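Presented below is the structure to which this report refers.
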Amino acid sequence: MLDFSTKFVSAKREYSTFGKHERAPLFRKSFTVDAIPEKAEILITGLGFYQLFVNGKDITKGFLAPYISNPDDIVYYDSYDLAPYLVKGENVIGVMLGAGMQNLMTNVWDFVNTKFTSSPKLALTMSIKNGDEETVYEADSFKCTDGPITFNNHRLGVHYDARLEIDGWMTAGFDDSEWHAPIKADIPKGYGKLCEADPITVRSEFAPVNVYRDTLAPYKARYDVMEGLPVVIPESDLDHENGYVYDFGKNSAGVFRLVIKNTTPGQKISIQCCEKKNADGKISYDNINFFPEGYAQRDIYVCRGGDEEVFVPMFVYHGYRYLYVSGIREDQATKELLTYIEINTRLSDVATFRCSDDIANKLYDMCDNSDKSNFHYFPTDCPHREKNGWTGDAATSAEHMALTITCENSWREWMANIRAAQNLEGRIPGIVPTTGWGFAWGNGPCWDRVIFDLPYYTYIYRGKTEMITENAHMMLRYLELLTREMKDGLIEDWGLWDWCPNNRRNDGGGNSRGFCNAVIIMDMCKKAQVMFDAVKLPFHSAFAKSIYDLVRESARRRYVDFGTMTIEGCYQSGQAMAVYYDLLDEGEKKQAVDVLVDLIHKRDDHFYVGYLGVRCIFHVLTKYGYSDLAYKMITRLDAPSYGQLVPLGFTSLPESIDAKYTGNSGSHNHHFFGDIKHWFIKTIAGINVNPDGNDPNYIVVKPHFIKSLDFAESTYNTPNGKISVKWQRENGKINLKINTEGEARFIVQLPNGFVFEDLLKSWIRSKDNVDSNVIEQVI
């Protein structure tokens, strides 16, 4: 591979602020070759983002290249083979740069005016080889000028003036005599690394389901957004009354394609992205209130003038269902004007699920959509307001993501950024990447467990140990930090806890910070033991076990009432978490579950938990014979439940499952309540992957025949095979069909009360005694 160039250049020193916008730069390099080279390659980074063109062809690997990272930690490069695109004679390399992490602008999360804030930077090494001859170019040999992007920020939006386009700039024969040489830029502090995360690509494209004229609800920024910031509001005279609403029927993440006909020069089109409607039915972006008015997911396109113009925003993505469009004529407001382009990290489905209840199917699809639309190199908090890599969100979703999508490559890359962000004390911030925010608030054990959960579930579901080896030292340093923070084996005054409970007071669902920390520390220590043993680090494993034993003993003494088998204050989250994380002995759990079920009945079979409790409660109920109750709690249509979201029209998971959902609170696209996706596959279909932790191709098929369902089916791709499970009620009995491919192996365990009709058939599949991979049995 080529060397990482450290010759960083910029087109100018100035960068955009809310008070003054700067145009994004273009860079070009013209060179000639006497023959098609035997080998031609480029190793490039653009801070924040780049688009790479060869002889007018965009060869960029995907959206938002090279990666979203703090350049003080890691500077990402991408490698390309140029040979297929070169011709004999003159060739041109063109680069367009965007702001990205290099200029974040917002006060929230302390991103404004970071130490590394600057105008966009470019560095590259380009090698052209023919025989023994090699010509090498770097970025300082390019020429540059301003391009048609007059403002861009990957959280805020893009302003593009097509009148400023420069025809032919990226092709041969162009006169660049008026372009200037770039200036030398500061070298980033971070180390160079080839990006190995999967790229951000198009998942799908779809047309609006409805176009109509309507008003746009007013917007108000959060109290601290504009402190000390001079702000020029783009489109300050935006018409909130006479615009057109494009409803795409799905709340997701991506960009759009604008195809507008019969334009006039200077026609200005403003496109405001929104994900929700207010109670009065007006579309609104008031929940994206972390940015000044005019910058909260608003793109502006100024027409060049002509028969047809096409615009796709670059260096940005949005979370939206609705687009409010102003500046167009009635004859231009057709369904063909705008197309939704869903983008996310390139992910493949590992599992599928369907059943006879359309409510459950729609909930599964909501979870799946939220997982994917919140995955842009790493799991994010939401695709519209934050786009942050919140560690607690990723940890809570880790198992259901590992079970259902191919996220391990991107997780592995993100873990490199978490390692780089860990400070000398061993602490990690609540968001990664960060510029220093998140160490004082937004972290703590319940969030920081991400450094254990991602490598653990990659090991369990994919059988891979690389992430364990690479992060063993980080995990060990963090365990050391915990021992320093403990008092009598507990940590009661640090970190967030059971976030976003049903009442939205963020009171931990009634349970204390100390209790939540204790059971999560126990869980991370147990996982650490498994992982350290897997990579032969026995002393690390022994240290993790010693912490586990200390915390468990202290927590039992502090939080458990053994007379009533209740957990501090007797709340649903605490009862479920104490059982799930083995704070209680096996002989104690049944009584604690009885208390939990009584608490649920007292709330008319509704759950009252936060994002930690919801991760446990349905699995605990299932294990102790209450799978039908769990299913009822999930799918019922009255609040609080997941099922209430279906008649409300949700297509993604909200930030909280509110007791009385008004539609106005928080984000409408989060993934951290998505573990029901895992529960559907594991409990209803019965696919339990690698229960012993030593073979990811081994499945225990243990379905639960939910009384209200007529059938359920699921598939799962193991690392080296595939299993399909389907059960269906027929004539008062249940037909269970299992199909395996490759090295997938399974046994069947039936729930209590069910037996096989034909006891002579073996359900233990092996190549010796089963001729077919399809096994069918009546129960």
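How things are named: the first chain in the structure tokens is A, the next is B, and so on; residues count from 1 in each chain; ligands count from 1 in the order shown.
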Next item on the list: Find the residues near His606 in chain A: any atom within 10 Å, counting only C-alpha atoms, skip ones fewer than 5 places away on the same chain, and give them as a PyMOL selection string.
Entry: chain A and resi 599-601+629-630+632-634+636+638-641+659
Preceding selection exported with N, CA, C and O atoms as a short mmCIF file (atom, residue, chain, number, x, y, z; two decimals), in the first residue's frame:
data_model
loop_
_atom_site.label_atom_id
_atom_site.label_comp_id
_atom_site.auth_asym_id
_atom_site.auth_seq_id
_atom_site.Cartn_x
_atom_site.Cartn_y
_atom_site.Cartn_z
N LEU A 599 -46.38 -6.87 39.69
CA LEU A 599 -46.24 -5.45 39.34
C LEU A 599 -46.83 -5.17 37.96
O LEU A 599 -47.46 -4.13 37.74
N ILE A 600 -46.64 -6.09 37.04
CA ILE A 600 -47.18 -5.92 35.69
C ILE A 600 -48.70 -5.96 35.72
O ILE A 600 -49.37 -5.13 35.09
N HIS A 601 -49.26 -6.90 36.46
CA HIS A 601 -50.72 -6.99 36.55
C HIS A 601 -51.31 -5.73 37.18
O HIS A 601 -52.40 -5.28 36.79
N LEU A 629 -47.79 -13.46 28.08
CA LEU A 629 -47.92 -12.17 28.72
C LEU A 629 -46.95 -11.17 28.07
O LEU A 629 -47.32 -10.02 27.79
N ALA A 630 -45.72 -11.61 27.83
CA ALA A 630 -44.73 -10.73 27.19
C ALA A 630 -45.22 -10.29 25.82
O ALA A 630 -45.13 -9.11 25.46
N LYS A 632 -48.29 -10.10 24.77
CA LYS A 632 -49.41 -9.17 24.95
C LYS A 632 -48.89 -7.77 25.28
O LYS A 632 -49.37 -6.77 24.72
N MET A 633 -47.91 -7.68 26.17
CA MET A 633 -47.35 -6.39 26.55
C MET A 633 -46.72 -5.66 25.37
O MET A 633 -46.80 -4.44 25.25
N ILE A 634 -46.10 -6.42 24.48
CA ILE A 634 -45.43 -5.83 23.32
C ILE A 634 -46.44 -5.35 22.29
O ILE A 634 -46.32 -4.23 21.76
N ARG A 636 -49.98 -5.12 22.34
CA ARG A 636 -51.28 -4.50 22.61
C ARG A 636 -51.29 -3.07 22.06
O ARG A 636 -50.26 -2.41 21.95
N ASP A 638 -52.95 -0.34 23.24
CA ASP A 638 -53.10 0.80 24.14
C ASP A 638 -51.79 1.05 24.87
O ASP A 638 -51.01 0.14 25.15
N ALA A 639 -51.56 2.30 25.19
CA ALA A 639 -50.29 2.73 25.78
C ALA A 639 -50.20 2.36 27.26
O ALA A 639 -51.22 2.30 27.95
N PRO A 640 -48.95 2.13 27.74
CA PRO A 640 -47.71 2.09 26.96
C PRO A 640 -47.44 0.69 26.41
O PRO A 640 -47.53 -0.30 27.12
N SER A 641 -47.12 0.64 25.15
CA SER A 641 -46.78 -0.61 24.48
C SER A 641 -46.09 -0.26 23.18
O SER A 641 -46.14 0.88 22.71
N ALA A 659 -46.11 6.57 28.13
CA ALA A 659 -47.38 6.09 28.68
C ALA A 659 -48.56 6.71 27.95
O ALA A 659 -49.59 6.07 27.75
#
Check: Which residues come within 9 Å of Trp169 in chain A, counting only C-alpha atoms, excluding same-chain residues fewer than 6 positions away, as a list in words?
Finding: Leu26, Arg28, Gly56, Val92, Gly94, Asp175 and Asp176 of chain A
Write out, as a CSV table (one decimal), in the first residue's frame, the residues just selected, with C-alpha atoms.
chain,number,residue,atom,x,y,z
A,26,LEU,CA,-12.6,22.0,-5.9
A,28,ARG,CA,-7.9,19.2,-9.9
A,56,GLY,CA,-15.3,13.1,-15.0
A,92,VAL,CA,-7.7,14.5,-14.8
A,94,GLY,CA,-10.9,15.9,-9.5
A,175,ASP,CA,-8.2,25.7,-18.9
A,176,ASP,CA,-7.3,25.9,-15.2
DSSP on the backbone: which residues in range 189-374 of chain A end up as strand (DSSP E)? Give the answer as a tab-separated table (two decimals) with N, CA, C and O atoms, in the first residue's frame.
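Full text of part_37.tsv as output:
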chain	number	residue	atom	x	y	z
A	191	TYR	N	-3.38	9.56	13.97
A	191	TYR	CA	-2.56	8.68	13.14
A	191	TYR	C	-3.34	8.25	11.90
A	191	TYR	O	-4.57	8.17	11.89
A	192	GLY	N	-2.63	7.97	10.82
A	192	GLY	CA	-3.26	7.56	9.57
A	192	GLY	C	-3.70	6.11	9.62
A	192	GLY	O	-3.00	5.24	10.16
A	193	LYS	N	-4.88	5.85	9.04
A	193	LYS	CA	-5.41	4.49	9.04
A	193	LYS	C	-6.26	4.28	7.80
A	193	LYS	O	-7.04	5.16	7.41
A	194	LEU	N	-6.11	3.14	7.16
A	194	LEU	CA	-6.97	2.79	6.04
A	194	LEU	C	-8.34	2.43	6.58
A	194	LEU	O	-8.47	1.63	7.51
A	200	ILE	N	-20.90	3.70	3.13
A	200	ILE	CA	-22.29	4.15	3.17
A	200	ILE	C	-22.82	4.18	1.74
A	200	ILE	O	-22.29	4.91	0.89
A	201	THR	N	-23.83	3.38	1.47
A	201	THR	CA	-24.35	3.23	0.12
A	201	THR	C	-25.87	3.35	0.12
A	201	THR	O	-26.50	3.47	1.17
A	202	VAL	N	-26.46	3.29	-1.06
A	202	VAL	CA	-27.91	3.41	-1.21
A	202	VAL	C	-28.58	2.09	-0.84
A	202	VAL	O	-28.23	1.03	-1.36
A	203	ARG	N	-29.55	2.18	0.09
A	203	ARG	CA	-30.33	0.99	0.45
A	203	ARG	C	-31.53	0.83	-0.47
A	203	ARG	O	-31.86	-0.27	-0.90
A	204	SER	N	-32.21	1.93	-0.76
A	204	SER	CA	-33.36	1.87	-1.66
A	204	SER	C	-33.71	3.28	-2.10
A	204	SER	O	-33.22	4.27	-1.55
A	205	GLU	N	-34.55	3.37	-3.11
A	205	GLU	CA	-35.11	4.63	-3.57
A	205	GLU	C	-36.62	4.46	-3.69
A	205	GLU	O	-37.09	3.39	-4.10
A	206	PHE	N	-37.39	5.49	-3.30
A	206	PHE	CA	-38.83	5.40	-3.45
A	206	PHE	C	-39.45	6.78	-3.62
A	206	PHE	O	-38.88	7.80	-3.21
A	210	ASN	N	-47.68	10.90	-1.29
A	210	ASN	CA	-48.66	11.99	-1.34
A	210	ASN	C	-47.93	13.33	-1.48
A	210	ASN	O	-46.84	13.52	-0.92
A	211	VAL	N	-48.50	14.22	-2.26
A	211	VAL	CA	-47.99	15.58	-2.40
A	211	VAL	C	-49.18	16.53	-2.23
A	211	VAL	O	-50.21	16.36	-2.88
A	212	TYR	N	-49.04	17.50	-1.34
A	212	TYR	CA	-50.15	18.42	-1.10
A	212	TYR	C	-49.60	19.75	-0.61
A	212	TYR	O	-48.48	19.85	-0.12
A	213	ARG	N	-50.42	20.76	-0.70
A	213	ARG	CA	-50.05	22.10	-0.25
A	213	ARG	C	-50.44	22.25	1.22
A	213	ARG	O	-51.55	21.89	1.60
A	214	ASP	N	-49.55	22.81	2.02
A	214	ASP	CA	-49.85	22.96	3.44
A	214	ASP	C	-48.85	23.93	4.05
A	214	ASP	O	-47.93	24.42	3.40
A	243	GLY	N	-46.08	26.35	0.91
A	243	GLY	CA	-45.18	25.34	0.37
A	243	GLY	C	-45.91	24.04	0.05
A	243	GLY	O	-47.10	23.89	0.28
A	244	TYR	N	-45.13	23.11	-0.47
A	244	TYR	CA	-45.66	21.79	-0.82
A	244	TYR	C	-45.05	20.75	0.11
A	244	TYR	O	-43.83	20.75	0.35
A	245	VAL	N	-45.89	19.85	0.60
A	245	VAL	CA	-45.45	18.77	1.47
A	245	VAL	C	-45.33	17.50	0.64
A	245	VAL	O	-46.29	17.09	-0.03
A	246	TYR	N	-44.16	16.88	0.70
A	246	TYR	CA	-43.93	15.58	0.07
A	246	TYR	C	-43.85	14.54	1.18
A	246	TYR	O	-42.92	14.56	2.00
A	247	ASP	N	-44.84	13.68	1.23
A	247	ASP	CA	-44.93	12.62	2.25
A	247	ASP	C	-44.48	11.32	1.61
A	247	ASP	O	-45.11	10.82	0.67
A	248	PHE	N	-43.38	10.76	2.12
A	248	PHE	CA	-42.83	9.53	1.55
A	248	PHE	C	-43.32	8.27	2.27
A	248	PHE	O	-42.92	7.16	1.90
A	249	GLY	N	-44.16	8.43	3.29
A	249	GLY	CA	-44.78	7.28	3.92
A	249	GLY	C	-43.88	6.49	4.84
A	249	GLY	O	-44.32	5.50	5.43
A	250	LYS	N	-42.63	6.90	4.98
A	250	LYS	CA	-41.67	6.15	5.81
A	250	LYS	C	-40.67	7.13	6.39
A	250	LYS	O	-40.12	7.96	5.67
A	251	ASN	N	-40.44	7.02	7.68
A	251	ASN	CA	-39.44	7.83	8.35
A	251	ASN	C	-38.12	7.07	8.34
A	251	ASN	O	-37.99	6.03	8.99
A	252	SER	N	-37.15	7.57	7.62
A	252	SER	CA	-35.90	6.85	7.47
A	252	SER	C	-34.75	7.86	7.43
A	252	SER	O	-34.85	8.92	8.05
A	253	ALA	N	-33.69	7.52	6.73
A	253	ALA	CA	-32.53	8.41	6.66
A	253	ALA	C	-31.91	8.35	5.28
A	253	ALA	O	-31.85	7.29	4.66
A	254	GLY	N	-31.45	9.51	4.82
A	254	GLY	CA	-30.79	9.56	3.53
A	254	GLY	C	-30.76	10.95	2.97
A	254	GLY	O	-30.77	11.95	3.70
A	255	VAL	N	-30.77	11.02	1.66
A	255	VAL	CA	-30.82	12.29	0.95
A	255	VAL	C	-32.02	12.22	0.01
A	255	VAL	O	-32.89	11.38	0.16
A	256	PHE	N	-32.07	13.10	-0.96
A	256	PHE	CA	-33.14	13.08	-1.96
A	256	PHE	C	-32.54	13.42	-3.31
A	256	PHE	O	-31.44	13.96	-3.42
A	257	ARG	N	-33.30	13.09	-4.33
A	257	ARG	CA	-32.94	13.53	-5.67
A	257	ARG	C	-33.99	14.51	-6.15
A	257	ARG	O	-35.18	14.19	-6.21
A	258	LEU	N	-33.54	15.72	-6.43
A	258	LEU	CA	-34.41	16.75	-6.96
A	258	LEU	C	-34.25	16.77	-8.49
A	258	LEU	O	-33.13	16.94	-8.98
A	259	VAL	N	-35.32	16.56	-9.21
A	259	VAL	CA	-35.32	16.66	-10.66
A	259	VAL	C	-36.36	17.71	-11.03
A	259	VAL	O	-37.57	17.45	-10.99
A	260	ILE	N	-35.90	18.89	-11.37
A	260	ILE	CA	-36.82	20.01	-11.59
A	260	ILE	C	-36.71	20.49	-13.03
A	260	ILE	O	-35.62	20.64	-13.59
A	261	LYS	N	-37.86	20.75	-13.63
A	261	LYS	CA	-37.93	21.10	-15.04
A	261	LYS	C	-38.34	22.56	-15.22
A	261	LYS	O	-38.98	23.15	-14.35
A	262	ASN	N	-37.92	23.08	-16.36
A	262	ASN	CA	-38.32	24.43	-16.78
A	262	ASN	C	-37.99	25.48	-15.71
A	262	ASN	O	-38.86	26.20	-15.22
A	263	THR	N	-36.72	25.52	-15.36
A	263	THR	CA	-36.29	26.44	-14.31
A	263	THR	C	-35.85	27.77	-14.90
A	263	THR	O	-35.53	27.89	-16.08
A	268	LYS	N	-34.77	29.92	-6.45
A	268	LYS	CA	-34.24	29.35	-5.21
A	268	LYS	C	-35.26	28.39	-4.62
A	268	LYS	O	-36.39	28.77	-4.31
A	269	ILE	N	-34.84	27.13	-4.41
A	269	ILE	CA	-35.70	26.09	-3.88
A	269	ILE	C	-35.20	25.71	-2.49
A	269	ILE	O	-34.03	25.34	-2.32
A	270	SER	N	-36.07	25.82	-1.52
A	270	SER	CA	-35.73	25.47	-0.14
A	270	SER	C	-36.44	24.17	0.22
A	270	SER	O	-37.65	24.04	0.01
A	271	ILE	N	-35.69	23.24	0.78
A	271	ILE	CA	-36.24	21.93	1.12
A	271	ILE	C	-35.96	21.66	2.59
A	271	ILE	O	-34.80	21.48	3.00
A	272	GLN	N	-37.03	21.68	3.39
A	272	GLN	CA	-36.92	21.45	4.83
A	272	GLN	C	-37.32	20.01	5.14
A	272	GLN	O	-38.41	19.55	4.79
A	273	CYS	N	-36.43	19.29	5.83
A	273	CYS	CA	-36.70	17.89	6.19
A	273	CYS	C	-37.39	17.82	7.54
A	273	CYS	O	-36.97	18.49	8.50
A	274	CYS	N	-38.42	17.01	7.64
A	274	CYS	CA	-39.18	16.83	8.88
A	274	CYS	C	-39.50	15.34	9.04
A	274	CYS	O	-39.70	14.63	8.06
A	276	LYS	N	-42.05	14.39	11.46
A	276	LYS	CA	-43.28	14.20	12.20
A	276	LYS	C	-44.29	15.28	11.88
A	276	LYS	O	-43.98	16.29	11.24
A	277	LYS	N	-45.51	15.01	12.36
A	277	LYS	CA	-46.57	16.01	12.34
A	277	LYS	C	-46.92	16.37	13.78
A	277	LYS	O	-46.86	15.53	14.68
A	283	ILE	N	-46.80	19.45	9.46
A	283	ILE	CA	-45.47	18.85	9.60
A	283	ILE	C	-44.57	19.81	10.35
A	283	ILE	O	-44.72	21.03	10.28
A	284	SER	N	-43.62	19.22	11.10
A	284	SER	CA	-42.85	20.02	12.03
A	284	SER	C	-41.44	19.48	12.16
A	284	SER	O	-41.19	18.28	12.02
A	298	ARG	N	-32.03	21.72	6.56
A	298	ARG	CA	-32.57	22.46	5.43
A	298	ARG	C	-31.53	22.56	4.32
A	298	ARG	O	-30.40	22.96	4.55
A	299	ASP	N	-31.93	22.15	3.11
A	299	ASP	CA	-31.08	22.26	1.93
A	299	ASP	C	-31.65	23.33	1.01
A	299	ASP	O	-32.87	23.51	0.91
A	300	ILE	N	-30.75	24.05	0.34
A	300	ILE	CA	-31.16	25.11	-0.57
A	300	ILE	C	-30.47	24.90	-1.92
A	300	ILE	O	-29.25	24.70	-1.97
A	301	TYR	N	-31.27	24.92	-2.97
A	301	TYR	CA	-30.74	24.76	-4.32
A	301	TYR	C	-31.13	25.97	-5.16
A	301	TYR	O	-32.32	26.33	-5.24
A	302	VAL	N	-30.14	26.62	-5.75
A	302	VAL	CA	-30.37	27.76	-6.64
A	302	VAL	C	-30.17	27.28	-8.07
A	302	VAL	O	-29.09	26.76	-8.42
A	306	GLY	N	-32.91	26.18	-17.08
A	306	GLY	CA	-32.88	25.26	-18.21
A	306	GLY	C	-34.06	24.33	-18.21
A	306	GLY	O	-34.99	24.45	-17.42
A	307	ASP	N	-34.01	23.34	-19.12
A	307	ASP	CA	-35.11	22.40	-19.28
A	307	ASP	C	-35.22	21.46	-18.09
A	307	ASP	O	-36.33	21.13	-17.66
A	308	GLU	N	-34.09	21.01	-17.56
A	308	GLU	CA	-34.11	20.08	-16.44
A	308	GLU	C	-32.81	20.19	-15.65
A	308	GLU	O	-31.72	20.26	-16.23
A	309	GLU	N	-32.94	20.21	-14.33
A	309	GLU	CA	-31.78	20.22	-13.45
A	309	GLU	C	-31.94	19.11	-12.40
A	309	GLU	O	-33.06	18.84	-11.95
A	310	VAL	N	-30.83	18.49	-12.05
A	310	VAL	CA	-30.83	17.39	-11.09
A	310	VAL	C	-29.88	17.74	-9.95
A	310	VAL	O	-28.74	18.18	-10.19
A	311	PHE	N	-30.36	17.54	-8.72
A	311	PHE	CA	-29.53	17.85	-7.55
A	311	PHE	C	-29.72	16.77	-6.49
A	311	PHE	O	-30.85	16.43	-6.13
A	318	HIS	N	-29.92	13.18	6.02
A	318	HIS	CA	-31.00	13.67	6.87
A	318	HIS	C	-31.87	12.50	7.35
A	318	HIS	O	-31.96	11.47	6.68
A	319	GLY	N	-32.54	12.72	8.48
A	319	GLY	CA	-33.59	11.83	8.90
A	319	GLY	C	-34.92	12.50	8.62
A	319	GLY	O	-35.17	13.61	9.11
A	320	TYR	N	-35.78	11.85	7.84
A	320	TYR	CA	-37.03	12.52	7.49
A	320	TYR	C	-38.05	11.55	6.94
A	320	TYR	O	-37.71	10.45	6.46
A	321	ARG	N	-39.30	11.95	7.01
A	321	ARG	CA	-40.39	11.34	6.26
A	321	ARG	C	-41.00	12.35	5.30
A	321	ARG	O	-41.42	12.00	4.21
A	322	TYR	N	-41.02	13.61	5.75
A	322	TYR	CA	-41.66	14.67	4.98
A	322	TYR	C	-40.62	15.68	4.49
A	322	TYR	O	-39.64	15.98	5.19
A	323	LEU	N	-40.86	16.23	3.30
A	323	LEU	CA	-40.10	17.36	2.80
A	323	LEU	C	-41.07	18.51	2.56
A	323	LEU	O	-42.10	18.33	1.90
A	324	TYR	N	-40.73	19.67	3.13
A	324	TYR	CA	-41.52	20.88	2.87
A	324	TYR	C	-40.73	21.70	1.85
A	324	TYR	O	-39.61	22.13	2.11
A	325	VAL	N	-41.34	21.91	0.70
A	325	VAL	CA	-40.65	22.53	-0.42
A	325	VAL	C	-41.28	23.88	-0.73
A	325	VAL	O	-42.49	23.98	-0.92
A	326	SER	N	-40.45	24.90	-0.77
A	326	SER	CA	-40.91	26.22	-1.17
A	326	SER	C	-40.03	26.72	-2.30
A	326	SER	O	-38.91	26.26	-2.49
A	338	LEU	N	-39.27	14.86	-6.53
A	338	LEU	CA	-38.38	14.41	-5.46
A	338	LEU	C	-38.45	12.90	-5.28
A	338	LEU	O	-39.55	12.32	-5.30
A	339	THR	N	-37.31	12.30	-5.07
A	339	THR	CA	-37.20	10.86	-4.79
A	339	THR	C	-36.41	10.68	-3.51
A	339	THR	O	-35.38	11.35	-3.30
A	340	TYR	N	-36.89	9.82	-2.63
A	340	TYR	CA	-36.17	9.50	-1.38
A	340	TYR	C	-35.03	8.53	-1.72
A	340	TYR	O	-35.24	7.51	-2.36
A	341	ILE	N	-33.82	8.86	-1.30
A	341	ILE	CA	-32.67	7.97	-1.45
A	341	ILE	C	-32.23	7.56	-0.05
A	341	ILE	O	-31.59	8.34	0.66
A	342	GLU	N	-32.61	6.36	0.35
A	342	GLU	CA	-32.19	5.84	1.66
A	342	GLU	C	-30.72	5.47	1.61
A	342	GLU	O	-30.29	4.73	0.71
A	343	ILE	N	-29.94	5.96	2.56
A	343	ILE	CA	-28.53	5.58	2.62
A	343	ILE	C	-28.18	5.15	4.04
A	343	ILE	O	-28.73	5.65	5.02
A	344	ASN	N	-27.30	4.20	4.13
A	344	ASN	CA	-26.73	3.77	5.41
A	344	ASN	C	-25.51	2.91	5.11
A	344	ASN	O	-25.23	2.58	3.95
A	345	THR	N	-24.78	2.57	6.14
A	345	THR	CA	-23.68	1.63	5.97
A	345	THR	C	-24.19	0.39	5.25
A	345	THR	O	-25.29	-0.09	5.52
A	351	ALA	N	-30.86	-12.27	9.50
A	351	ALA	CA	-32.04	-12.97	9.98
A	351	ALA	C	-33.30	-12.32	9.43
A	351	ALA	O	-33.30	-11.15	9.03
A	352	THR	N	-34.37	-13.09	9.42
A	352	THR	CA	-35.69	-12.59	9.02
A	352	THR	C	-36.72	-13.13	9.99
A	352	THR	O	-36.49	-14.13	10.69
A	353	PHE	N	-37.89	-12.48	10.03
A	353	PHE	CA	-38.98	-12.95	10.90
A	353	PHE	C	-40.31	-12.52	10.31
A	353	PHE	O	-40.45	-11.39	9.83
A	354	ARG	N	-41.29	-13.42	10.37
A	354	ARG	CA	-42.67	-13.11	10.04
A	354	ARG	C	-43.58	-14.02	10.85
A	354	ARG	O	-43.20	-15.14	11.22
A	355	CYS	N	-44.78	-13.52	11.14
A	355	CYS	CA	-45.76	-14.32	11.86
A	355	CYS	C	-47.16	-13.95	11.38
A	355	CYS	O	-47.32	-13.12	10.47
Check: Ala398 in chain A: which residues within 8 Å, counting only C-alpha atoms, same-chain residues fewer than 4 positions away excluded, as a ChimeraX atom specification?
Finding: /A:394,402,453-454,457
Note to self: Restricting the calculation to only C-alpha atoms: of A:Leu550, A:Val108, A:Ile706, A:Ile187, which residue gets closest to Ser10 in chain A?
What the structure shows: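 The shortest atom-to-atom distance to Ser10 in chain A comes from A:Ile187.
Across the model, the gap from CA of Leu482 in chain A to CA of Ser397 in chain A is 23.1 Å.
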Next item on the list: Find the residues near range 559-570 of chain A: any atom within 8 Å, counting only C-alpha atoms, skip ones fewer than 3 places away on the same chain, and give them as a PyMOL selection string.
Entry: chain A and resi 510-511+515+555-556+574-575+578+588+591-592+595
Next item on the list: Between A:Lys189, A:Lys143, A:Arg329, A:Arg558, single out the one closest to Asp488 in chain A, counting only C-alpha atoms.
Entry: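 Between A:Lys189, A:Lys143, A:Arg329, A:Arg558, the residue approaching Asp488 in chain A most closely is A:Arg558.
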